[in-house]
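S.K.: Below is a structure I'd like to ask you about.
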Amino acid sequence: MSSQDYTRKEVLPLKWCPGCGLHILFSSLTQALDELDLKNTVVVSGIGCTGRGAGFFGLDSVHGMHGRAIPLAVGMKKANPDLNVLVYSGDGDLLGIGGNHLLHAARRNDNITVICNLNEVFAMTGRQTSPTTAKGVVTITSPHGNEYEPINAQGIIASNKRFFFGRVSPMHRDHMKQVLKEAMEHKGFSFVEMRFPCVIEYSKSTGKGLAEAYKEGREAYTIADEKQLTDENRLLADNELGIVKKG
């Protein structure tokens, strides 16, 4: 087997915008699946740019309704506990419309892995403000700048007695793959967010190009020392990538 076996050949090239971080996330995930030899896997997604990915994997997959990927995944895992169940969707789908499902799946510690592309906007539907849009950013639904702070996904996940939270960036590919592997090996609910703005809408909001987006991404994040996080009993800072877990 190889990572290419986890991709449907007929969908190539993948239908995401050039430069989108989803290309790197998808590639890293297929490599992780291959290295873990997780053929007995099903991928579930909702609606949105990221949600299109369910149809790109060379695996069984379900493209569900907006905000309903997590309950679909939980149902599959309950029906067939031997399945490795992945949710692959975006922040609007998982943290906005599907936020209630995220809360309770994490609370129950359901044994699924949720991978969230946190791109800071509802991109596919035209650049509306999403739960993760930074304060002050202009969108078509916040023409004077978003007045609210973005949602804290780490805080939601880490509010439980047992949790696994990971944060990755497409500018740190090896680290991304390792975090994805650990998340899929974790027994219980695991959540990984990839932080990278929608490159098309980013340029509209900031006037900067793709190269600037990647340059800022490289400079914005550092990889945290997991042992130090554990010893200090703290969560990831806003500029840190890595894993925090308990239980």
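How things are named: the first chain in the structure tokens is A, the next is B, and so on; residues count from 1 in each chain; ligands count from 1 in the order shown.
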Which residues are near range 34-48 of chain A? Cut-off 6 Å, only C-alpha atoms, ignore same chain within fewer than 5 positions. Put them as a PDB file with C-alpha atoms, in the first residue's frame.

M.R.:
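Just written: selection30.pdb:
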ATOM      1  CA  SER A   2       0.996   3.647  -0.366  1.00  0.00           C
ATOM      2  CA  SER A   3      -0.591   6.986   0.481  1.00  0.00           C
ATOM      3  CA  ALA A  54     -15.016  13.032   1.763  1.00  0.00           C
ATOM      4  CA  ASP A  60     -15.805   4.482   2.243  1.00  0.00           C
ATOM      5  CA  SER A  61     -17.170   7.935   2.937  1.00  0.00           C
ATOM      6  CA  VAL A  62     -20.350   9.849   3.675  1.00  0.00           C
ATOM      7  CA  HIS A  63     -21.018  13.431   2.643  1.00  0.00           C
ATOM      8  CA  GLY A  64     -23.663  14.462   5.151  1.00  0.00           C
ATOM      9  CA  MET A  65     -25.809  17.498   5.796  1.00  0.00           C
ATOM     10  CA  HIS A  66     -24.426  20.797   7.018  1.00  0.00           C
ATOM     11  CA  GLY A  67     -23.386  20.538  10.663  1.00  0.00           C
ATOM     12  CA  ALA A  69     -20.998  15.114  10.321  1.00  0.00           C
ATOM     13  CA  LEU A  83     -14.325   0.959  12.195  1.00  0.00           C
ATOM     14  CA  ASN A  84     -11.800   3.754  12.335  1.00  0.00           C
ATOM     15  CA  VAL A  85     -14.073   6.789  11.930  1.00  0.00           C
ATOM     16  CA  LEU A  86     -12.760  10.186  10.778  1.00  0.00           C
ATOM     17  CA  VAL A  87     -14.679  13.433  10.524  1.00  0.00           C
ATOM     18  CA  TYR A  88     -13.116  15.775   7.970  1.00  0.00           C
ATOM     19  CA  SER A  89     -14.787  19.170   7.773  1.00  0.00           C
ATOM     20  CA  MET A 124     -17.567  28.296  -0.323  1.00  0.00           C
TER      21      MET A 124
END

S.K.: With distances taken over only C-alpha atoms, which residue among A:Val74, A:Ala183, A:Ala211, A:Val138 lies nearest Gly166 in chain A?

M.R.: A:Ala183

S.K.: Mind checking which residues fall within 7 Å of Val121 in chain A, counting only C-alpha atoms, ignoring those fewer than 2 positions away in the same chain, and posting them as a list of chain:residue names?

M.R.: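 Listed by chain and then number, they are A:Asn119, A:Ala123, A:Arg127, A:Gln128, A:Thr129, A:Ser130, A:Thr132, A:Thr133.
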
S.K.: Select from range 50-117 of chain A every residue with an atom at most 10 Å from any atom of range 18-22 of chain A, then for each give the shortest pair of atoms and their distance in Å to one decimal, using only C-alpha atoms, rows by chain and rising number, as CSV.

M.R.:
residue,atom,partner,partner_atom,distance
A:Thr50,CA,A:Leu22,CA,7.1
A:Gly53,CA,A:Leu22,CA,8.7
A:Asn117,CA,A:Leu22,CA,7.5

S.K.: Hey, can you spit out that residue selection with C-alpha atoms as a short mmCIF file (atom, residue, chain, number, x, y, z; two decimals), in the first residue's frame?

M.R.:
data_model
loop_
_atom_site.label_atom_id
_atom_site.label_comp_id
_atom_site.auth_asym_id
_atom_site.auth_seq_id
_atom_site.Cartn_x
_atom_site.Cartn_y
_atom_site.Cartn_z
CA THR A 50 -13.35 20.96 3.39
CA GLY A 53 -12.80 15.96 0.79
CA ASN A 117 -9.92 22.99 8.78
#

S.K.: Find the spatial neighbours of Gln31 in chain A, counting only C-alpha atoms, within a cut-off of 12 Å - ignore same-chain residues fewer than 3 positions away - and output them as a PyMOL selection string.

M.R.: chain A and resi 1-7+24-28+34-38+57+173-174+176-178+180-181

S.K.: Emit the selected residues as a short mmCIF file (atom, residue, chain, number, x, y, z; two decimals), in the first residue's frame, including C-alpha atoms.

M.R.:
data_model
loop_
_atom_site.label_atom_id
_atom_site.label_comp_id
_atom_site.auth_asym_id
_atom_site.auth_seq_id
_atom_site.Cartn_x
_atom_site.Cartn_y
_atom_site.Cartn_z
CA MET A 1 0.00 0.00 0.00
CA SER A 2 1.00 3.65 -0.37
CA SER A 3 -0.59 6.99 0.48
CA GLN A 4 -1.81 7.16 -3.14
CA ASP A 5 -4.04 4.17 -2.47
CA TYR A 6 -6.04 6.34 -0.08
CA THR A 7 -6.93 8.78 -2.87
CA ILE A 24 -1.35 19.71 2.43
CA LEU A 25 -3.82 18.48 5.05
CA PHE A 26 -5.20 15.85 2.67
CA SER A 27 -1.73 14.68 1.65
CA SER A 28 -0.54 14.48 5.26
CA ASP A 34 -0.89 4.56 5.08
CA GLU A 35 1.78 4.51 7.78
CA LEU A 36 -0.78 3.32 10.34
CA ASP A 37 -2.27 0.88 7.78
CA LEU A 38 -5.80 2.04 8.61
CA PHE A 57 -10.51 9.62 -0.24
CA ARG A 173 4.12 19.24 7.43
CA ASP A 174 6.09 16.61 9.34
CA MET A 176 1.13 17.79 11.07
CA LYS A 177 1.45 14.16 10.02
CA GLN A 178 2.67 13.11 13.46
CA LEU A 180 -2.74 13.26 12.87
CA LYS A 181 -1.25 9.83 13.55
#

S.K.: One decimal, Å: what's the distance from CA of Met76 in chain A over to CA of Trp16 in chain A, could you say?

M.R.: 27.4 Å

S.K.: Report the residues of range 21-183 of chain A whose backbone DSSP state falls under alpha helix (DSSP H), written as number ranges by chain.

M.R.: A: 21-36, 69-79, 91, 99-108, 153-158, 173-183

S.K.: Using DSSP secondary structure from the backbone, list all strand (DSSP E or B) positions within range 65-203 of chain A, as a PyMOL selection string.

M.R.: chain A and resi 84-90+113-118+122+128+139+142+163-168+190-195
